[in-house]
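Trainee: Dumping the structure here so I can ask a few things about it.
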Amino acid sequence: MIPPALSKLLEGGVELEKEYENVSRTLESIGLSSYEAKGYIALVAHGHGSAEAIAETAHIPRTSAYKVLQSLVGKGFAISTRGRPTIFKPEPPAKIKEKVIERLGESFDKLDMMHEILRDKGEPQLVYTVAGNSRVMEKIGEMLDTATGSVTIATPAFYEIRERLAKKIENAMQRSVQILLITEPGQKVPEGAKVYYRKGLIATDIIADGERAMIASPDLSACGFTDNAALAAHLDAFLQILMTEKV
């Protein structure tokens with residue numbers, strides 16, 4: 001349901017409520033949490049505001065509002081001003097749309113690349129689908145457990161991977177496995193990992209030892225996995241570009 005404060009601000013009826021729910025779900029599908037989606041919509045409606053004001057409009061807990069808005073800044077959905085209180089402003093929706101389309105295009109380019117390689121080589125069943133967040137996490141854990149040389153992780157959701165698989169990451173590093181991370185600014189990362197900060201990441205891509213690869217959805221609810229070294233090498237080429245491009 002649309003928050004009462006936001007409903008008054010936008011002065012809409014049933015149709016507006018449906019649009020609000022649709023936009024919220026769409027923002028969540030590209031990697032925002034429920035609170036982040038509500039916070040961004042409230043920012044757009046206000047034009048700017050403090051964490052307290054946005055919390056009231058978006059109907060999110062005041063204790064979480066500042067962290068939510070800072071996360072939006074880190075993901076490139078908002079900017080913040082210095083001073084007290086901190087004032088947040090939304091990045092224009094058109095600019096967000098452009099970034100999302102660009103990143104989704106890159107993800108589908110990867111999938112198309114895999115499709116072409118499979119078709120040319122006539123090798124079926126080289127990409128396996130894994131469904132369900134817990135199973136995707138298990139597969140990521142398995143890739144960490146079996147890695148012997150390196151694991152590259154490009155994701156906007158490293159906080160979730162770190163929270164659920166911190167011990168496996170630590171164990172891999174203790175085995176001298178090099179951990180390379182490409183993630184959003186502001187994310188907490190393991191000491192000793194090599195990190196590249198990039199805004200606007202959409203999908204989660206993981207490569208282990210240059211031989212096994214995964215492409216997962218933004219919410220980590222499904223992924224494609226392959227142990228074909230040729231496919232993994234092609235995905236690695238995309239990630240190398242992310243690591244070397246100028247910010």
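A note on labels: chains of the structure tokens are A, B, ... as shown, every chain counts residues from 1, and ligands are counted from 1 in their shown order.
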Where in range 19-218 of chain A does DSSP assign alpha helix (DSSP H), given as a PyMOL selection string?
Mentor: chain A and resi 19-29+34-46+51-58+62-74+93-121+133-146+158-174
Trainee: Write out as a PyMOL selection string which residues come within 9 Å of Ser24 in chain A when counting only C-alpha atoms, dropping same-chain ones fewer than 4 positions away.
Mentor: chain A and resi 19-20+28-29+34+37-38+41
Trainee: May I have the residues within 9 Å of Ala229 in chain A as a count of residues only, using only C-alpha atoms and disregarding those fewer than 4 positions away in the same chain?
Mentor: 6
Trainee: List every residue of range 133-238 of chain A that has an atom at most 12 Å from any atom of range 57-70 of chain A, and for each one report the closest atom pair and its distance in Å to one decimal, counting only C-alpha atoms, with rows sorted by chain and then by increasing residue number, as CSV.
Mentor:
residue,atom,partner,partner_atom,distance
A:Glu184,CA,A:Gln70,CA,11.9
A:Pro185,CA,A:Gln70,CA,10.4
A:Gly186,CA,A:Gln70,CA,8.7
A:Gln187,CA,A:Gln70,CA,11.0
Trainee: Which one of A:Ile161, A:Ala131, A:Leu43, A:Ala51 sits closest to Gly224 in chain A if you count only C-alpha atoms?
Mentor: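 Nearest to Gly224 in chain A: A:Ala131.
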Trainee: Applying 12 Å and only C-alpha atoms, which residues near Leu165 in chain A remain after dropping the ones on its own chain fewer than 5 positions away? List them as a list in words.
Mentor: Ser134, Val136, Met137, Glu138, Lys139, Ile140, Gly141, Glu142, Met143, Leu144, Asp145, Phe158, Tyr159, Glu160, Glu170, Asn171, Ala172 and Pro190 of chain A
Trainee: Calculate how many Å separate CA of Leu231 in chain A from CA of Leu181 in chain A, rounding to one decimal.
Mentor: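 That distance, rounded to one decimal, is 19.8 Å.
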Trainee: What is the distance, in Å and to one decimal place, between CA of Ala193 in chain A and CA of Asp219 in chain A?
Mentor: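 CA of Asp219 in chain A lies 23.2 Å from CA of Ala193 in chain A.
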Trainee: Please determine, counting only C-alpha atoms, which residue among A:Lys18, A:Lys168, A:Ile79, A:Phe88 has the shortest atom-to-atom distance to Ser50 in chain A.
Mentor: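 Nearest candidate to Ser50 in chain A out of A:Lys18, A:Lys168, A:Ile79, A:Phe88: A:Phe88.
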Trainee: Quick one: residues within 8 Å of Ala42 in chain A, only C-alpha atoms counted, chain neighbours fewer than 2 positions away excluded, as a PyMOL selection string?
Mentor: chain A and resi 6+38-40+44-46+54+57-58
Trainee: Please dump the current selection as a PDB file, in the first residue's frame; keep N, CA and C atoms.
Mentor:
ATOM      1  N   LEU A   6       2.991   9.921   1.323  1.00  0.00           N
ATOM      2  CA  LEU A   6       3.306  10.021  -0.092  1.00  0.00           C
ATOM      3  C   LEU A   6       2.041  10.186  -0.916  1.00  0.00           C
ATOM      4  N   LYS A  38      11.362   2.420  -1.828  1.00  0.00           N
ATOM      5  CA  LYS A  38      10.437   3.411  -1.266  1.00  0.00           C
ATOM      6  C   LYS A  38      11.143   4.741  -1.029  1.00  0.00           C
ATOM      7  N   GLY A  39      12.386   4.672  -0.572  1.00  0.00           N
ATOM      8  CA  GLY A  39      13.143   5.889  -0.313  1.00  0.00           C
ATOM      9  C   GLY A  39      13.409   6.668  -1.589  1.00  0.00           C
ATOM     10  N   TYR A  40      13.749   5.963  -2.674  1.00  0.00           N
ATOM     11  CA  TYR A  40      14.026   6.652  -3.934  1.00  0.00           C
ATOM     12  C   TYR A  40      12.760   7.305  -4.484  1.00  0.00           C
ATOM     13  N   VAL A  44      12.202  11.305  -5.206  1.00  0.00           N
ATOM     14  CA  VAL A  44      11.741  11.859  -6.485  1.00  0.00           C
ATOM     15  C   VAL A  44      10.517  12.739  -6.259  1.00  0.00           C
ATOM     16  N   ALA A  45       9.605  12.271  -5.390  1.00  0.00           N
ATOM     17  CA  ALA A  45       8.384  13.031  -5.118  1.00  0.00           C
ATOM     18  C   ALA A  45       8.698  14.363  -4.424  1.00  0.00           C
ATOM     19  N   HIS A  46       9.659  14.344  -3.498  1.00  0.00           N
ATOM     20  CA  HIS A  46      10.025  15.558  -2.762  1.00  0.00           C
ATOM     21  C   HIS A  46      10.949  16.475  -3.562  1.00  0.00           C
ATOM     22  N   ILE A  54      12.267  12.045   4.573  1.00  0.00           N
ATOM     23  CA  ILE A  54      12.056  10.955   3.607  1.00  0.00           C
ATOM     24  C   ILE A  54      11.501   9.720   4.311  1.00  0.00           C
ATOM     25  N   THR A  57       7.762  10.265   4.716  1.00  0.00           N
ATOM     26  CA  THR A  57       7.045  10.163   3.441  1.00  0.00           C
ATOM     27  C   THR A  57       7.023   8.734   2.912  1.00  0.00           C
ATOM     28  N   ALA A  58       8.168   8.052   2.993  1.00  0.00           N
ATOM     29  CA  ALA A  58       8.281   6.698   2.441  1.00  0.00           C
ATOM     30  C   ALA A  58       7.723   5.631   3.370  1.00  0.00           C
TER      31      ALA A  58
END
